[in-house]
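Enquirer: Following this line is protein.pdb, made up of PDB, C-alpha atoms (C1' of nucleotides):
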MODEL        1
ATOM      1  CA  MET D   5      -5.294 -19.186  54.179
ATOM      2  CA  SER D   6      -8.372 -20.915  52.917
ATOM      3  CA  ALA D   7      -7.983 -24.153  51.010
ATOM      4  CA  THR D   8      -7.035 -23.479  47.408
ATOM      5  CA  PRO D   9      -7.972 -25.699  44.497
ATOM      6  CA  ARG D  10      -5.207 -27.436  42.651
ATOM      7  CA  ILE D  11      -3.961 -25.234  39.845
ATOM      8  CA  SER D  12      -2.139 -26.802  36.916
ATOM      9  CA  GLU D  13       0.952 -25.441  35.228
ATOM     10  CA  ALA D  14      -0.934 -23.878  32.330
ATOM     11  CA  GLU D  15      -3.621 -22.550  34.636
ATOM     12  CA  TRP D  16      -0.993 -20.691  36.674
ATOM     13  CA  GLU D  17      -0.288 -18.451  33.724
ATOM     14  CA  VAL D  18      -3.930 -17.460  33.577
ATOM     15  CA  MET D  19      -4.162 -16.901  37.312
ATOM     16  CA  LYS D  20      -1.091 -14.679  37.309
ATOM     17  CA  ILE D  21      -2.703 -12.376  34.814
ATOM     18  CA  CYS D  22      -5.910 -12.295  36.838
ATOM     19  CA  TRP D  23      -4.074 -11.519  40.048
ATOM     20  CA  ASN D  24      -2.244  -8.656  38.408
ATOM     21  CA  ARG D  25      -5.046  -7.047  36.461
ATOM     22  CA  SER D  26      -8.367  -8.085  37.895
ATOM     23  CA  PRO D  27     -11.053  -7.496  36.810
ATOM     24  CA  VAL D  28      -9.997  -8.471  33.331
ATOM     25  CA  THR D  29     -11.824  -9.537  30.181
ATOM     26  CA  ALA D  30     -11.306 -12.872  28.489
ATOM     27  CA  GLN D  31     -10.070 -10.942  25.497
ATOM     28  CA  GLU D  32      -7.291  -9.298  27.424
ATOM     29  CA  ILE D  33      -6.196 -12.577  28.942
ATOM     30  CA  ILE D  34      -6.264 -14.185  25.524
ATOM     31  CA  ASP D  35      -4.215 -11.405  23.995
ATOM     32  CA  ARG D  36      -1.613 -11.493  26.714
ATOM     33  CA  LEU D  37      -1.205 -15.238  26.589
ATOM     34  CA  ALA D  38      -1.085 -15.256  22.821
ATOM     35  CA  ALA D  39       1.841 -12.864  23.049
ATOM     36  CA  LEU D  40       3.458 -14.526  26.028
ATOM     37  CA  ASP D  41       3.044 -18.230  25.402
ATOM     38  CA  ASP D  42       1.634 -18.354  21.890
ATOM     39  CA  TRP D  43      -1.508 -20.107  23.102
ATOM     40  CA  HIS D  44      -4.574 -20.516  20.962
ATOM     41  CA  PRO D  45      -7.590 -18.442  22.080
ATOM     42  CA  LYS D  46      -9.682 -21.593  22.431
ATOM     43  CA  THR D  47      -7.093 -23.055  24.733
ATOM     44  CA  VAL D  48      -7.232 -20.042  26.975
ATOM     45  CA  LYS D  49     -11.027 -20.186  27.053
ATOM     46  CA  THR D  50     -10.844 -23.779  28.200
ATOM     47  CA  LEU D  51      -8.460 -22.848  30.979
ATOM     48  CA  LEU D  52     -10.756 -20.008  32.055
ATOM     49  CA  ASN D  53     -13.735 -22.326  32.187
ATOM     50  CA  ARG D  54     -11.846 -24.893  34.198
ATOM     51  CA  LEU D  55     -10.674 -22.269  36.657
ATOM     52  CA  VAL D  56     -14.237 -21.053  37.081
ATOM     53  CA  LYS D  57     -15.421 -24.597  37.649
ATOM     54  CA  LYS D  58     -12.681 -25.094  40.233
ATOM     55  CA  ARG D  59     -13.804 -21.867  41.875
ATOM     56  CA  ALA D  60     -10.418 -20.281  41.459
ATOM     57  CA  LEU D  61     -11.950 -17.541  39.309
ATOM     58  CA  GLY D  62     -15.297 -15.808  39.296
ATOM     59  CA  PHE D  63     -16.775 -13.543  36.636
ATOM     60  CA  LYS D  64     -19.341 -10.855  36.114
ATOM     61  CA  LYS D  65     -21.096 -10.203  32.866
ATOM     62  CA  ASP D  66     -20.332  -6.819  31.428
ATOM     63  CA  GLY D  67     -22.807  -6.823  28.552
ATOM     64  CA  ARG D  68     -21.118  -8.760  25.783
ATOM     65  CA  ALA D  69     -17.998  -9.834  27.576
ATOM     66  CA  TYR D  70     -17.173 -11.335  30.930
ATOM     67  CA  LEU D  71     -14.930  -9.803  33.504
ATOM     68  CA  TYR D  72     -12.925 -12.339  35.432
ATOM     69  CA  HIS D  73     -11.602 -11.933  38.934
ATOM     70  CA  PRO D  74      -9.755 -14.288  41.315
ATOM     71  CA  LEU D  75     -11.626 -16.084  44.060
ATOM     72  CA  VAL D  76      -8.421 -17.269  45.685
ATOM     73  CA  THR D  77      -5.535 -15.034  46.623
ATOM     74  CA  GLU D  78      -2.125 -15.289  45.069
ATOM     75  CA  LYS D  79      -0.662 -15.555  48.522
ATOM     76  CA  ASP D  80      -2.709 -18.612  49.390
ATOM     77  CA  CYS D  81      -1.899 -20.339  46.128
ATOM     78  CA  VAL D  82       1.775 -19.530  46.378
ATOM     79  CA  SER D  83       1.819 -20.896  49.906
ATOM     80  CA  ALA D  84       0.055 -24.116  48.946
ATOM     81  CA  GLU D  85       2.293 -24.664  45.932
ATOM     82  CA  SER D  86       5.415 -23.917  47.937
ATOM     83  CA  ARG D  87       4.422 -26.299  50.700
ATOM     84  CA  SER D  88       3.724 -29.046  48.209
ATOM     85  CA  PHE D  89       7.051 -28.485  46.467
ATOM     86  CA  LEU D  90       8.984 -28.403  49.721
ATOM     87  CA  ASP D  91       7.401 -31.634  50.915
ATOM     88  CA  ARG D  92       7.746 -33.497  47.663
ATOM     89  CA  VAL D  93      11.265 -32.567  46.699
ATOM     90  CA  PHE D  94      12.955 -31.816  50.004
ATOM     91  CA  GLY D  95      10.942 -33.958  52.372
ATOM     92  CA  GLY D  96       9.609 -30.824  54.000
ATOM     93  CA  SER D  97      13.004 -29.629  55.211
ATOM     94  CA  LEU D  98      13.592 -26.005  54.618
ATOM     95  CA  ARG D  99      17.325 -25.857  55.148
ATOM     96  CA  PRO D 100      18.340 -28.230  52.332
ATOM     97  CA  MET D 101      15.933 -26.476  50.038
ATOM     98  CA  LEU D 102      17.312 -23.040  50.701
ATOM     99  CA  ALA D 103      20.831 -24.409  50.452
ATOM    100  CA  HIS D 104      20.013 -25.843  47.065
ATOM    101  CA  PHE D 105      18.822 -22.556  45.685
ATOM    102  CA  VAL D 106      21.575 -20.531  47.230
ATOM    103  CA  GLU D 107      24.158 -22.863  45.759
ATOM    104  CA  HIS D 108      22.665 -23.469  42.358
ATOM    105  CA  GLN D 109      21.243 -20.196  41.245
ATOM    106  CA  LYS D 110      23.935 -17.612  41.181
ATOM    107  CA  LEU D 111      22.996 -14.797  43.518
ATOM    108  CA  SER D 112      24.125 -11.304  42.861
ATOM    109  CA  SER D 113      25.762  -9.560  45.784
ATOM    110  CA  SER D 114      22.763  -7.300  46.177
ATOM    111  CA  GLU D 115      20.504 -10.329  46.405
ATOM    112  CA  ILE D 116      22.789 -11.733  49.038
ATOM    113  CA  SER D 117      22.584  -8.615  51.148
ATOM    114  CA  GLU D 118      18.826  -8.479  50.815
ATOM    115  CA  LEU D 119      18.653 -12.003  52.063
ATOM    116  CA  LYS D 120      20.894 -11.243  54.969
ATOM    117  CA  THR D 121      18.591  -8.449  55.913
ATOM    118  CA  LEU D 122      15.628 -10.793  55.738
ATOM    119  CA  LEU D 123      17.417 -13.244  57.964
ATOM    120  CA  LYS D 124      18.255 -10.585  60.479
ATOM    121  CA  GLN D 125      14.620  -9.614  60.692
ATOM    122  CA  GLN D 126      13.690 -13.217  61.259
ATOM    123  CA  GLU D 127      16.198 -13.508  64.030
ATOM    124  CA  LYS D 128      14.446 -10.847  66.035
ATOM    125  CA  LYS D 129      11.139 -12.658  66.133
TER     126      LYS D 129
ATOM    127  CA  MET I  23      22.869 -32.437  34.359
ATOM    128  CA  SER I  24      21.340 -34.655  31.744
ATOM    129  CA  ALA I  25      17.690 -34.155  30.863
ATOM    130  CA  THR I  26      15.460 -35.865  33.388
ATOM    131  CA  PRO I  27      12.053 -37.324  32.634
ATOM    132  CA  ARG I  28       9.072 -35.744  34.268
ATOM    133  CA  ILE I  29       8.406 -37.417  37.595
ATOM    134  CA  SER I  30       4.947 -37.209  39.128
ATOM    135  CA  GLU I  31       4.153 -36.574  42.754
ATOM    136  CA  ALA I  32       3.541 -40.224  43.611
ATOM    137  CA  GLU I  33       6.562 -41.307  41.595
ATOM    138  CA  TRP I  34       8.797 -39.025  43.652
ATOM    139  CA  GLU I  35       8.167 -41.166  46.704
ATOM    140  CA  VAL I  36       9.406 -44.210  44.852
ATOM    141  CA  MET I  37      12.438 -42.405  43.492
ATOM    142  CA  LYS I  38      13.419 -41.153  46.910
ATOM    143  CA  ILE I  39      13.575 -44.684  48.229
ATOM    144  CA  CYS I  40      15.626 -45.786  45.246
ATOM    145  CA  TRP I  41      18.071 -42.938  45.621
ATOM    146  CA  ASN I  42      18.578 -43.759  49.270
ATOM    147  CA  ARG I  43      18.858 -47.519  49.113
ATOM    148  CA  SER I  44      19.745 -48.594  45.609
ATOM    149  CA  PRO I  45      19.863 -51.351  44.575
ATOM    150  CA  VAL I  46      16.579 -52.250  46.150
ATOM    151  CA  THR I  47      13.976 -54.936  45.573
ATOM    152  CA  ALA I  48      10.380 -54.229  44.629
ATOM    153  CA  GLN I  49       9.417 -55.881  47.870
ATOM    154  CA  GLU I  50      11.378 -53.464  49.981
ATOM    155  CA  ILE I  51       9.973 -50.474  48.130
ATOM    156  CA  ILE I  52       6.486 -51.872  48.531
ATOM    157  CA  ASP I  53       6.976 -52.448  52.240
ATOM    158  CA  ARG I  54       8.321 -49.002  52.853
ATOM    159  CA  LEU I  55       5.570 -47.263  50.945
ATOM    160  CA  ALA I  56       2.904 -49.369  52.596
ATOM    161  CA  ALA I  57       4.199 -48.141  55.915
ATOM    162  CA  LEU I  58       4.834 -44.587  54.804
ATOM    163  CA  ASP I  59       1.900 -43.742  52.575
ATOM    164  CA  ASP I  60      -0.361 -46.729  52.983
ATOM    165  CA  TRP I  61      -0.172 -47.535  49.293
ATOM    166  CA  HIS I  62      -1.385 -50.788  47.833
ATOM    167  CA  PRO I  63       1.379 -53.101  46.549
ATOM    168  CA  LYS I  64      -0.181 -53.091  43.095
ATOM    169  CA  THR I  65      -0.064 -49.345  43.009
ATOM    170  CA  VAL I  66       3.623 -49.349  43.794
ATOM    171  CA  LYS I  67       4.268 -51.914  41.075
ATOM    172  CA  THR I  68       2.531 -49.681  38.565
ATOM    173  CA  LEU I  69       4.687 -46.750  39.605
ATOM    174  CA  LEU I  70       7.813 -48.872  39.292
ATOM    175  CA  ASN I  71       6.838 -49.963  35.807
ATOM    176  CA  ARG I  72       6.134 -46.419  34.730
ATOM    177  CA  LEU I  73       9.456 -45.226  36.079
ATOM    178  CA  VAL I  74      11.244 -47.985  34.183
ATOM    179  CA  LYS I  75       9.396 -47.048  31.013
ATOM    180  CA  LYS I  76      10.381 -43.409  31.522
ATOM    181  CA  ARG I  77      13.962 -44.538  31.988
ATOM    182  CA  ALA I  78      14.140 -43.020  35.462
ATOM    183  CA  LEU I  79      14.811 -46.468  36.937
ATOM    184  CA  GLY I  80      16.598 -49.528  35.666
ATOM    185  CA  PHE I  81      16.599 -53.016  37.093
ATOM    186  CA  LYS I  82      18.575 -56.214  37.154
ATOM    187  CA  LYS I  83      17.103 -59.609  37.721
ATOM    188  CA  ASP I  84      18.340 -61.267  40.835
ATOM    189  CA  GLY I  85      16.825 -64.681  40.302
ATOM    190  CA  ARG I  86      13.254 -64.397  41.477
ATOM    191  CA  ALA I  87      13.097 -60.688  42.220
ATOM    192  CA  TYR I  88      14.231 -57.540  40.515
ATOM    193  CA  LEU I  89      16.672 -55.063  41.899
ATOM    194  CA  TYR I  90      15.882 -51.509  40.969
ATOM    195  CA  HIS I  91      18.373 -48.680  40.675
ATOM    196  CA  PRO I  92      18.072 -45.067  39.547
ATOM    197  CA  LEU I  93      19.087 -44.052  36.053
ATOM    198  CA  VAL I  94      18.815 -40.364  36.864
ATOM    199  CA  THR I  95      20.497 -38.673  39.796
ATOM    200  CA  GLU I  96      18.598 -37.091  42.626
ATOM    201  CA  LYS I  97      20.562 -33.924  42.060
ATOM    202  CA  ASP I  98      19.420 -33.629  38.462
ATOM    203  CA  CYS I  99      15.794 -34.278  39.346
ATOM    204  CA  VAL I 100      15.850 -31.871  42.250
ATOM    205  CA  SER I 101      17.344 -29.213  40.014
ATOM    206  CA  ALA I 102      14.778 -29.708  37.282
ATOM    207  CA  GLU I 103      11.883 -29.689  39.731
ATOM    208  CA  SER I 104      13.208 -26.629  41.519
ATOM    209  CA  ARG I 105      13.641 -24.742  38.286
ATOM    210  CA  SER I 106      10.142 -25.584  37.193
ATOM    211  CA  PHE I 107       8.701 -24.531  40.543
ATOM    212  CA  LEU I 108      10.648 -21.288  40.597
ATOM    213  CA  ASP I 109       9.519 -20.382  37.097
ATOM    214  CA  ARG I 110       5.894 -21.315  37.573
ATOM    215  CA  VAL I 111       5.226 -19.810  40.950
ATOM    216  CA  PHE I 112       7.721 -16.966  41.212
ATOM    217  CA  GLY I 113       8.232 -16.092  37.571
ATOM    218  CA  GLY I 114      11.793 -17.341  37.827
ATOM    219  CA  SER I 115      12.846 -14.740  40.374
ATOM    220  CA  LEU I 116      14.856 -16.133  43.185
ATOM    221  CA  ARG I 117      14.635 -13.297  45.652
ATOM    222  CA  PRO I 118      10.849 -13.284  46.109
ATOM    223  CA  MET I 119      10.921 -17.040  46.425
ATOM    224  CA  LEU I 120      13.540 -17.054  49.147
ATOM    225  CA  ALA I 121      11.767 -14.226  50.879
ATOM    226  CA  HIS I 122       8.553 -16.206  50.842
ATOM    227  CA  PHE I 123      10.127 -19.191  52.530
ATOM    228  CA  VAL I 124      12.104 -17.215  55.021
ATOM    229  CA  GLU I 125       9.001 -15.327  56.042
ATOM    230  CA  HIS I 126       6.479 -18.138  56.042
ATOM    231  CA  GLN I 127       8.249 -21.105  57.457
ATOM    232  CA  LYS I 128       9.574 -20.343  60.858
ATOM    233  CA  LEU I 129      13.317 -20.808  60.916
ATOM    234  CA  SER I 130      15.104 -21.882  64.030
ATOM    235  CA  SER I 131      18.048 -19.751  65.016
ATOM    236  CA  SER I 132      20.426 -22.546  64.110
ATOM    237  CA  GLU I 133      18.909 -22.688  60.658
ATOM    238  CA  ILE I 134      19.365 -18.986  60.347
ATOM    239  CA  SER I 135      23.029 -19.162  61.209
ATOM    240  CA  GLU I 136      23.567 -22.035  58.800
ATOM    241  CA  LEU I 137      22.010 -19.964  56.076
ATOM    242  CA  LYS I 138      24.165 -17.013  56.901
ATOM    243  CA  THR I 139      27.200 -19.202  56.588
ATOM    244  CA  LEU I 140      25.992 -20.381  53.197
ATOM    245  CA  LEU I 141      25.500 -16.810  52.090
ATOM    246  CA  LYS I 142      28.961 -15.840  53.205
ATOM    247  CA  GLN I 143      30.429 -18.645  51.175
ATOM    248  CA  GLN I 144      28.484 -17.490  48.169
ATOM    249  CA  GLU I 145      29.754 -13.994  48.592
ATOM    250  CA  LYS I 146      33.315 -15.102  48.119
ATOM    251  CA  LYS I 147      32.712 -16.592  44.695
TER     252      LYS I 147
ATOM    253  C1'  DA O  18     -34.730  -8.253   8.697
ATOM    254  C1'  DT O  19     -31.071 -11.377   7.260
ATOM    255  C1'  DT O  20     -26.381 -12.467   7.327
ATOM    256  C1'  DA O  21     -21.929 -12.328   9.163
ATOM    257  C1'  DT O  22     -19.205 -12.089  13.283
ATOM    258  C1'  DA O  23     -17.799 -12.481  17.906
ATOM    259  C1'  DT O  24     -17.886 -14.750  22.093
ATOM    260  C1'  DG O  25     -19.329 -17.935  25.592
ATOM    261  C1'  DA O  26     -20.724 -23.092  26.304
ATOM    262  C1'  DT O  27     -20.207 -27.716  25.180
ATOM    263  C1'  DT O  28     -17.780 -31.461  23.319
ATOM    264  C1'  DA O  29     -13.403 -33.858  21.826
ATOM    265  C1'  DC O  30      -9.479 -36.380  22.294
ATOM    266  C1'  DA O  31      -4.875 -38.093  23.476
ATOM    267  C1'  DG O  32      -1.515 -38.558  27.107
ATOM    268  C1'  DA O  33      -0.453 -38.392  32.262
ATOM    269  C1'  DT O  34      -1.710 -39.786  36.819
ATOM    270  C1'  DG O  35      -3.714 -42.201  40.814
ATOM    271  C1'  DT O  36      -5.255 -46.367  41.988
ATOM    272  C1'  DA O  37      -5.641 -50.843  41.324
ATOM    273  C1'  DA O  38      -7.325 -55.940  39.334
ATOM    274  C1'  DT O  39      -6.377 -59.696  36.264
ATOM    275  C1'  DT O  40      -3.279 -62.721  33.782
ATOM    276  C1'  DG O  41       0.707 -65.309  33.222
ATOM    277  C1'  DA O  42       4.888 -67.428  34.461
ATOM    278  C1'  DT O  43       7.817 -69.357  37.980
ATOM    279  C1'  DT O  44       9.028 -71.219  42.299
ATOM    280  C1'  DT O  45       7.802 -73.862  46.335
ATOM    281  C1'  DA O  46       5.329 -76.924  49.167
ATOM    282  C1'  DT O  47       2.988 -81.143  49.426
TER     283       DT O  47
ATOM    284  C1'  DA Q  21       4.046 -84.157  39.700
ATOM    285  C1'  DT Q  22       0.390 -81.243  40.914
ATOM    286  C1'  DA Q  23      -1.334 -77.530  43.555
ATOM    287  C1'  DA Q  24      -0.460 -73.361  45.789
ATOM    288  C1'  DA Q  25       1.901 -69.192  46.383
ATOM    289  C1'  DT Q  26       4.661 -65.446  44.485
ATOM    290  C1'  DC Q  27       5.875 -61.832  41.688
ATOM    291  C1'  DA Q  28       6.222 -59.470  37.238
ATOM    292  C1'  DA Q  29       3.487 -58.001  32.965
ATOM    293  C1'  DT Q  30      -0.636 -56.488  31.042
ATOM    294  C1'  DT Q  31      -4.951 -54.373  31.264
ATOM    295  C1'  DA Q  32      -8.446 -51.232  33.492
ATOM    296  C1'  DC Q  33     -10.561 -47.141  34.484
ATOM    297  C1'  DA Q  34     -11.739 -42.513  36.208
ATOM    298  C1'  DT Q  35      -9.834 -37.922  36.561
ATOM    299  C1'  DC Q  36      -6.694 -34.244  35.195
ATOM    300  C1'  DT Q  37      -4.219 -31.726  31.679
ATOM    301  C1'  DG Q  38      -2.919 -29.766  27.290
ATOM    302  C1'  DT Q  39      -4.742 -28.482  23.274
ATOM    303  C1'  DA Q  40      -8.262 -27.353  20.697
ATOM    304  C1'  DA Q  41     -12.889 -27.704  17.447
ATOM    305  C1'  DT Q  42     -17.784 -27.273  17.154
ATOM    306  C1'  DC Q  43     -22.213 -25.435  18.631
ATOM    307  C1'  DA Q  44     -25.221 -21.877  20.101
ATOM    308  C1'  DT Q  45     -26.396 -17.358  20.911
ATOM    309  C1'  DA Q  46     -26.097 -12.439  20.788
ATOM    310  C1'  DT Q  47     -24.463  -8.382  18.468
ATOM    311  C1'  DA Q  48     -23.144  -5.803  14.396
ATOM    312  C1'  DA Q  49     -23.123  -4.816   9.597
ATOM    313  C1'  DT Q  50     -25.614  -4.503   5.388
TER     314       DT Q  50
ENDMDL
END
Would you write the structure of this file as structure tokens?
Expert:
Amino acid sequence: MSATPRISEAEWEVMKICWNRSPVTAQEIIDRLAALDDWHPKTVKTLLNRLVKKRALGFKKDGRAYLYHPLVTEKDCVSAESRSFLDRVFGGSLRPMLAHFVEHQKLSSSEISELKTLLKQQEKK
Amino acid sequence: MSATPRISEAEWEVMKICWNRSPVTAQEIIDRLAALDDWHPKTVKTLLNRLVKKRALGFKKDGRAYLYHPLVTEKDCVSAESRSFLDRVFGGSLRPMLAHFVEHQKLSSSEISELKTLLKQQEKK
DNA sequence: ATTATATGATTACAGATGTAATTGATTTAT
DNA sequence: ATAAATCAATTACATCTGTAATCATATAAT
């Protein structure tokens, strides 16, 4: 897990699209975010430029348009973000955090059994 | 759960102290954060003022010094922050999020059994 | 070839945030 | 009573973020 740059809330939306569909043109990202979040094309371009500057995204010219691709993995960013959240809000303690989610978000019974399975697998390690 | 103001990363540290020891003087908060995060007293004062302006903290004058106390509950802030994190990083889906934490952070066997107990309680609802 | 259009690059601008310094008012020590 | 120390209020300032507009350049249409 290499160090990931700090990715803002709005930038996450862009990164998610890149992780799912890389390589992807600016136009496609713009279209998707216009539909999804009703963002102005110029706004999306700004976010793309900032992500390139942060070295979270790279691009290749494909004639007229650019093709963007992630330079950091989703896994690494998710891990960094999760760590930061856990530390900030729960003082780094996993148990209270998991308890919070299990209590607050209603879990369907299938989700509960999936989790139990996950826990059982953990137990064996 | 009343609407909570947005609380920044640094501000969280201040809030945590207030939630644990309210009512508390600026001096005590300053001392604790100097020890904990090595923050300058002036920095802490700025954070306190911003939190008062955001209506996350209130204060009462106690002669010379102020006594600060939270105006928003820890529970409400934790919930809001958790929601925002879940949405941003895991698209709002609980299962992948829990799976991430269970897989990445090593859980002690006692933590695992506690979690199982929590899940069993959930099942009954 | 000139004009219109599309798209990437640069610039803009207000509010949030991290990180304080300066000012002002009040209390305390001399 | 005056000077010194304390503590809150105001101001500072660079960077990040959200949200674009403008500028420049390349391609397409006439």
Enquirer: Once the PyMOL selection byres ((chain Q and resi 46) around 12) is applied to the coordinates I shared, what remains selected? I want it as a PyMOL selection string.
Expert: (chain D and resi 67-69) or (chain O and resi 22-25) or (chain Q and resi 44-45+47-48)
Enquirer: Least-squares fit on all C-alpha atoms, paired in order: put chain I onto chain D and return it as a CSV table (one decimal) with C-alpha atoms, keeping the file's coordinate frame.
Expert:
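What follows is the written file selection_1.csv:
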chain,number,residue,atom,x,y,z
I,23,MET,CA,-5.3,-19.2,54.2
I,24,SER,CA,-8.4,-20.9,52.9
I,25,ALA,CA,-8.0,-24.1,51.1
I,26,THR,CA,-7.1,-23.5,47.5
I,27,PRO,CA,-8.0,-25.7,44.5
I,28,ARG,CA,-5.2,-27.5,42.7
I,29,ILE,CA,-4.0,-25.3,39.9
I,30,SER,CA,-2.1,-26.8,37.0
I,31,GLU,CA,0.9,-25.5,35.3
I,32,ALA,CA,-0.9,-23.9,32.4
I,33,GLU,CA,-3.6,-22.6,34.7
I,34,TRP,CA,-1.0,-20.7,36.7
I,35,GLU,CA,-0.3,-18.5,33.8
I,36,VAL,CA,-3.9,-17.5,33.6
I,37,MET,CA,-4.1,-16.9,37.3
I,38,LYS,CA,-1.1,-14.7,37.4
I,39,ILE,CA,-2.7,-12.4,34.8
I,40,CYS,CA,-5.9,-12.3,36.9
I,41,TRP,CA,-4.1,-11.5,40.1
I,42,ASN,CA,-2.2,-8.7,38.4
I,43,ARG,CA,-5.0,-7.1,36.5
I,44,SER,CA,-8.3,-8.1,37.9
I,45,PRO,CA,-11.0,-7.5,36.8
I,46,VAL,CA,-9.9,-8.5,33.4
I,47,THR,CA,-11.7,-9.5,30.2
I,48,ALA,CA,-11.3,-12.9,28.5
I,49,GLN,CA,-10.0,-10.9,25.5
I,50,GLU,CA,-7.2,-9.3,27.4
I,51,ILE,CA,-6.1,-12.6,29.0
I,52,ILE,CA,-6.2,-14.2,25.6
I,53,ASP,CA,-4.1,-11.4,24.0
I,54,ARG,CA,-1.5,-11.5,26.7
I,55,LEU,CA,-1.1,-15.3,26.6
I,56,ALA,CA,-1.0,-15.3,22.9
I,57,ALA,CA,1.9,-12.9,23.1
I,58,LEU,CA,3.5,-14.6,26.1
I,59,ASP,CA,3.1,-18.3,25.5
I,60,ASP,CA,1.7,-18.4,22.0
I,61,TRP,CA,-1.4,-20.1,23.2
I,62,HIS,CA,-4.5,-20.5,21.0
I,63,PRO,CA,-7.5,-18.4,22.1
I,64,LYS,CA,-9.6,-21.6,22.4
I,65,THR,CA,-7.1,-23.1,24.8
I,66,VAL,CA,-7.2,-20.0,27.0
I,67,LYS,CA,-11.0,-20.2,27.1
I,68,THR,CA,-10.8,-23.8,28.2
I,69,LEU,CA,-8.5,-22.8,31.0
I,70,LEU,CA,-10.7,-20.0,32.1
I,71,ASN,CA,-13.7,-22.3,32.2
I,72,ARG,CA,-11.8,-24.9,34.2
I,73,LEU,CA,-10.7,-22.3,36.7
I,74,VAL,CA,-14.2,-21.0,37.1
I,75,LYS,CA,-15.4,-24.6,37.6
I,76,LYS,CA,-12.7,-25.1,40.3
I,77,ARG,CA,-13.8,-21.8,41.9
I,78,ALA,CA,-10.4,-20.3,41.5
I,79,LEU,CA,-11.9,-17.5,39.3
I,80,GLY,CA,-15.3,-15.8,39.3
I,81,PHE,CA,-16.7,-13.5,36.7
I,82,LYS,CA,-19.3,-10.8,36.1
I,83,LYS,CA,-21.0,-10.1,32.9
I,84,ASP,CA,-20.2,-6.7,31.5
I,85,GLY,CA,-22.7,-6.7,28.6
I,86,ARG,CA,-21.1,-8.6,25.8
I,87,ALA,CA,-17.9,-9.8,27.6
I,88,TYR,CA,-17.1,-11.3,30.9
I,89,LEU,CA,-14.9,-9.8,33.5
I,90,TYR,CA,-12.9,-12.3,35.4
I,91,HIS,CA,-11.5,-11.9,39.0
I,92,PRO,CA,-9.7,-14.3,41.3
I,93,LEU,CA,-11.6,-16.1,44.1
I,94,VAL,CA,-8.4,-17.3,45.7
I,95,THR,CA,-5.5,-15.0,46.7
I,96,GLU,CA,-2.1,-15.3,45.1
I,97,LYS,CA,-0.7,-15.6,48.6
I,98,ASP,CA,-2.7,-18.6,49.4
I,99,CYS,CA,-1.9,-20.4,46.2
I,100,VAL,CA,1.8,-19.6,46.4
I,101,SER,CA,1.8,-21.0,49.9
I,102,ALA,CA,0.0,-24.2,49.0
I,103,GLU,CA,2.3,-24.7,46.0
I,104,SER,CA,5.4,-24.0,48.0
I,105,ARG,CA,4.4,-26.4,50.7
I,106,SER,CA,3.7,-29.1,48.2
I,107,PHE,CA,7.0,-28.5,46.4
I,108,LEU,CA,9.0,-28.5,49.7
I,109,ASP,CA,7.4,-31.7,50.9
I,110,ARG,CA,7.7,-33.6,47.6
I,111,VAL,CA,11.2,-32.6,46.6
I,112,PHE,CA,13.0,-31.9,49.9
I,113,GLY,CA,11.0,-34.1,52.3
I,114,GLY,CA,9.6,-30.9,53.9
I,115,SER,CA,13.0,-29.7,55.2
I,116,LEU,CA,13.6,-26.1,54.6
I,117,ARG,CA,17.3,-26.0,55.1
I,118,PRO,CA,18.4,-28.3,52.3
I,119,MET,CA,15.9,-26.5,50.0
I,120,LEU,CA,17.3,-23.1,50.7
I,121,ALA,CA,20.8,-24.5,50.4
I,122,HIS,CA,20.0,-25.9,47.0
I,123,PHE,CA,18.8,-22.6,45.6
I,124,VAL,CA,21.5,-20.5,47.1
I,125,GLU,CA,24.1,-22.9,45.7
I,126,HIS,CA,22.6,-23.5,42.3
I,127,GLN,CA,21.2,-20.2,41.2
I,128,LYS,CA,23.8,-17.6,41.1
I,129,LEU,CA,22.9,-14.7,43.5
I,130,SER,CA,23.9,-11.2,42.8
I,131,SER,CA,25.6,-9.4,45.7
I,132,SER,CA,22.6,-7.2,46.1
I,133,GLU,CA,20.4,-10.2,46.4
I,134,ILE,CA,22.7,-11.6,49.0
I,135,SER,CA,22.5,-8.5,51.1
I,136,GLU,CA,18.7,-8.4,50.7
I,137,LEU,CA,18.5,-11.9,52.0
I,138,LYS,CA,20.8,-11.1,54.9
I,139,THR,CA,18.5,-8.3,55.9
I,140,LEU,CA,15.5,-10.7,55.7
I,141,LEU,CA,17.4,-13.2,57.9
I,142,LYS,CA,18.2,-10.5,60.4
I,143,GLN,CA,14.5,-9.5,60.7
I,144,GLN,CA,13.6,-13.1,61.2
I,145,GLU,CA,16.1,-13.4,64.0
I,146,LYS,CA,14.4,-10.8,66.0
I,147,LYS,CA,11.1,-12.6,66.1
Enquirer: Mind listing as a ChimeraX atom specification which residues of chain I are within 10 Å of chain Q, counting only C-alpha atoms (C1' of nucleotides)?
Expert: /I:48-49,67,71,86-88
Enquirer: Taking all atoms listed in the file into account and nothing else, which residues of chain I lie no more than 9 Å away from chain D? Please answer as number ranges by chain.
Expert: I: 31-32, 34-35, 38, 99-101, 103-104, 107, 110-112, 116-117, 119-131, 133-138, 140-142, 144-145
Enquirer: Return as an MDAnalysis selection string the residues belonging to chain I that are within 8 Å of chain O, counting all atoms listed in the file.
Expert: chainID I and resid 30 62 64:65
Enquirer: What does the distance from CA of Glu33 (chain I) to CA of Asp98 (chain I) come to in Å, to one decimal?
Expert: 15.3 Å
Enquirer: Any idea what the distance is between CA of Leu70 (chain I) and CA of Val94 (chain I)?
Expert: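 Result for CA of Leu70 (chain I) versus CA of Val94 (chain I): 14.1 Å, one decimal.
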Enquirer: In Å, how far is it from CA of Asp53 (chain I) to CA of Leu73 (chain I)?
Expert: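 That distance, rounded to one decimal, is 17.9 Å.
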Enquirer: Determine, counting all atoms listed in the file, which protein, DNA and RNA residues have an atom within 10 Å of an atom of Lys82 (chain I); residues of the same chain fewer than 4 positions away are not included. Present the result as a count of residues only.
Expert: 7
